[in-house]
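One structure is given here, and the rest of the page talks about it.
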Amino acid sequence: MFLGNHMIFAAHAVAYSKITCASLTFCYCLRDYYKDNSILMKSLMSVCYSFMGYIIFYSWNTSWMDGVILLPILFVGIRKIICGKNALQYVLTLALALISNFYIGYMICITSVILYIASLLLYEKSFLNGLRKSFITYALSSLFGGGLAAFLLIPTFLGLPETRKLSVLDALKDMSITVNPMVMMSGFFAGQQNDLGYNAPMIFIGLLPFILVVLFFVCKKANNRKKMVYMALIITFMLSFENNFINRIWHGMSDNVCFNYRYSFVLSFILLIIAYDGYLLVINNSITTNEYIKTGVAILFLASLVLSISEAADKVTVPAISMDVILVCIVIALFARGYHSNKIIAGFLTVLIIYSSVVNSYYCLKGYAIRTYQSYGEMNALMKEAEAKINDDSFYRMDKSVRYGRCDPHLFSFNGLSNYSSTENVEKLEFIRRLGASHIWMWGRYNTNMSASLESLLGLKYIITDAANSKDYSQIGKINDLSILKNNYALPIVFPAESVISVGDENGFELQNMMWNSITAIDENVFEQNRILELSPEEKHVLNVIINNEGSAYICIPNGSYSEVIVNSNGIEKEIKYNEEYTDEKIIFYVGEYKEGDELTFTFSPTDENNKINNLDDVTCYTEIKHALKEHSETANSSELSIEEKKSSIIDINYTGPKRILASSIPYDKGWKAFDNGKEVKTYNNWDHFLAIELDDSNDHAVTLKFRPTGFHIGCIISILSLAFVAAYEAALYLKRRRS
């Protein structure tokens, strides 16, 4: 909002600000837990926290960084509860973690329980006595921390798609190992190679902190109770990484696809706390020369194990790990000789920490495919120029065939079809794919194979494309090699309809015929089927199609069975771009413009020689009848109707006409409420996936659509009650202090 169109600069500013905040909060945590005057080491450890492997790897996902920032503050809050101090810090921090990101906030909640138990074991003489004194306060504080965030938690939970949820019994069926232990250990060294599709746990904390962690466990003078608790914590997280069932619990009883081990920053936090305990042993001269040697040997042995296992060796960068080995020897030698208190050595250690973080960051980020400021600027300028040429103040959808990213409508501020969200309702995406749109996992996207009929039903009024215009759209402008097309058939986002219908298992072409008929009640079909013949029993991968009607031909074929599809008509060959992924569903492809009686020959190249078209029902070919589409569209658009988007959750519609149904291309959700002339009216799930409303008996209608997520109202009540209780409790404490 403040930075306008400078999105790249804004993204960098947000990322750097959050990295800085992570460093500051960890420094605050160290200063609260450790009362020594080692400001330099606390600052350096804080730098290690803000440049740990997790933050570098996930730096593009700034919404996850809030949990990393808040974890040290939460840890201090837990300590205050155990010490009998005010619980307000813990309550507010937990609430903020849940509000800032539901997903990472959930992981923070699990972490809170683990750290509470660990803190009791670490800092209370008697665990049971500490539990008796603090558990009720901790439990209530956790409850009200969650209660403050209930206005967001409840709608978010209720809105999660069922496809993302696993029952405990389903999760228990898979107790498999998720990662090779040596692959996990490779994360302690700089330069671990990962990709977003498959990454090892991100546990890198820097070379010096890693040395200090090992020193802590090797040192005989280290507190044995601390050793046992710290080791239990490390084992807990190692098992979580290793065991698929426990890993799923951390991920909200869901199989995460890509971006694995999203809670690994918690282990990095714990390791850095241990590292500071190790540092205190060093400056107090509690570690013997023999223990320094053992530490060096242990780290070098670990490095050799990592390099000896091929799967782990593929993850490490040889120059980086080689330099780590050399530096381990140097640091251990300096510590063993007692030079750790020397200012020059302190400067060297500072450089070492910075070096280790820089090397890891370089190797971690070098393989990233990134968008440059220049490329963003060019696309942003193109969209601004297109918007100026369109010059339309109405509420409409548009999209483009030239993609910059997965969420271009959000990035460039237009109402589009393309979108990516890991909490997307996949059923709706599968439905529009059935009609001819593209859909890969949770990514819905516009593509040039979509028919004019589908683009019109979805309200795509303008198209920016580099493809030839075969849909009778008017060109209203041109930018370089891109044409800006206006779809004169496009329906508005909300439109009058004759009826609300449910759909069955019809193919995408017949579905569109049904949808148009429910809008206009015109019997003429937009799509007519063509005749498909098999050329000969020997040629199982060749089909012959006779075009029955003039118009745009589309073919629907099962995806995943063929690597190439060639169509031949009158000696002219062209390839159908058959490159959809991650689905074995049938997908619709645009073939070309043909006249009645034209004969097409399709040749399929199978991915497996055993794949054959044994059933001609697997392939269908239809022609889009343009005059029928025009008739349906003109009838549907003939009403007096205007739409205004007041907010993203409020739409005003003025409609004059006799029809009693307003249908829409807005995905159906129970959170939508509709009001006609001030009175709430019934909503329907039209076509099984889209919102429709029932109008009253008048001829003039002032309709308002309002969206409130399911559970938002009860969530707000819980949040308000929680806030009132916390405020009353704090007021009571304040008055008590005043009296004393």
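By order of appearance in the structure tokens: chains A, B, ..., then residues from 1 within every chain, and ligands from 1 in the order shown.
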With a distance cut-off of 12 Å and only C-alpha atoms, select the neighbouring residues of Leu482 (chain A), excluding the residue or stretch itself and same-chain residues fewer than 5 positions from it, and output the selection as a PyMOL selection string. chain A and resi 379+382-383+385-386+400-402+463-469+475-477
Keeping only C-alpha atoms, take the residues you just selected and write them out as a PDB file, in the first residue's frame.
```pdb
ATOM      1  CA  MET A 379       5.439  -7.232 -17.280  1.00  0.00           C
ATOM      2  CA  LEU A 382       2.697  -4.258 -20.127  1.00  0.00           C
ATOM      3  CA  MET A 383      -0.257  -4.789 -17.795  1.00  0.00           C
ATOM      4  CA  GLU A 385      -0.545  -0.367 -20.882  1.00  0.00           C
ATOM      5  CA  ALA A 386      -3.135  -3.091 -21.441  1.00  0.00           C
ATOM      6  CA  LYS A 400      -3.462 -13.719 -20.357  1.00  0.00           C
ATOM      7  CA  SER A 401      -1.665 -16.542 -22.117  1.00  0.00           C
ATOM      8  CA  VAL A 402       1.803 -15.184 -21.288  1.00  0.00           C
ATOM      9  CA  ILE A 463      -7.748 -11.766 -23.141  1.00  0.00           C
ATOM     10  CA  ILE A 464      -4.102 -10.802 -23.620  1.00  0.00           C
ATOM     11  CA  THR A 465      -2.601 -13.432 -25.884  1.00  0.00           C
ATOM     12  CA  ASP A 466       0.143 -14.287 -28.321  1.00  0.00           C
ATOM     13  CA  ALA A 467      -2.054 -16.923 -30.009  1.00  0.00           C
ATOM     14  CA  ALA A 468      -4.003 -16.455 -33.222  1.00  0.00           C
ATOM     15  CA  ASN A 469      -7.555 -15.164 -32.743  1.00  0.00           C
ATOM     16  CA  GLN A 475      -8.907  -6.780 -31.166  1.00  0.00           C
ATOM     17  CA  ILE A 476      -8.904  -3.536 -29.197  1.00  0.00           C
ATOM     18  CA  GLY A 477      -5.159  -3.072 -28.990  1.00  0.00           C
TER      19      GLY A 477
END
```
Report as JSON lines: every residue of region 209-265 of chain A with an atom at most 9 Å from region 89-109 of chain A, its closest pair of atoms, and their distance in Å to one decimal, counting only C-alpha atoms, with rows sorted by chain and ascending residue number.
```
{"residue": "A:Trp250", "atom": "CA", "partner": "A:Met107", "partner_atom": "CA", "distance": 6.1}
{"residue": "A:His251", "atom": "CA", "partner": "A:Met107", "partner_atom": "CA", "distance": 7.4}
{"residue": "A:Gly252", "atom": "CA", "partner": "A:Tyr106", "partner_atom": "CA", "distance": 7.5}
{"residue": "A:Arg262", "atom": "CA", "partner": "A:Ile104", "partner_atom": "CA", "distance": 7.9}
{"residue": "A:Tyr263", "atom": "CA", "partner": "A:Met107", "partner_atom": "CA", "distance": 6.4}
```
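Each of A:Ile299, A:Ile625, A:Met442, A:Leu24 was checked against Ser421 (chain A) using only C-alpha atoms; the smallest atom-to-atom distance is that of A:Met442.
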I want to know what sits within 12 Å of Ser375 (chain A), based on only C-alpha atoms, with residues of the same chain fewer than 6 positions away left out; could you give that as a VMD selection string? chain A and resid 8 381 to 382 403 to 405
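Computed from the coordinates, the CA of Ser308 (chain A) to CA of Ser186 (chain A) distance equals 11.3 Å.
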note - CA of Leu533 (chain A) and CA of Cys621 (chain A) are separated by 11.0 Å
Could you pull out the strand (DSSP E) residues of region 431-541 of chain A from DSSP and send them as a PyMOL selection string? chain A and resi 438-440+443-445+460-465+474-479+482-486+494-497+527-529+531-534
Using DSSP on the backbone coordinates, identify the residues of region 488-675 of chain A assigned to helix (DSSP H, G or I); present them as a ChimeraX atom specification. /A:508-520,616-618,626-636
8 Å contact set for His701 (chain A), only C-alpha atoms, chain neighbours under 4 positions out, as a count of residues only: 7
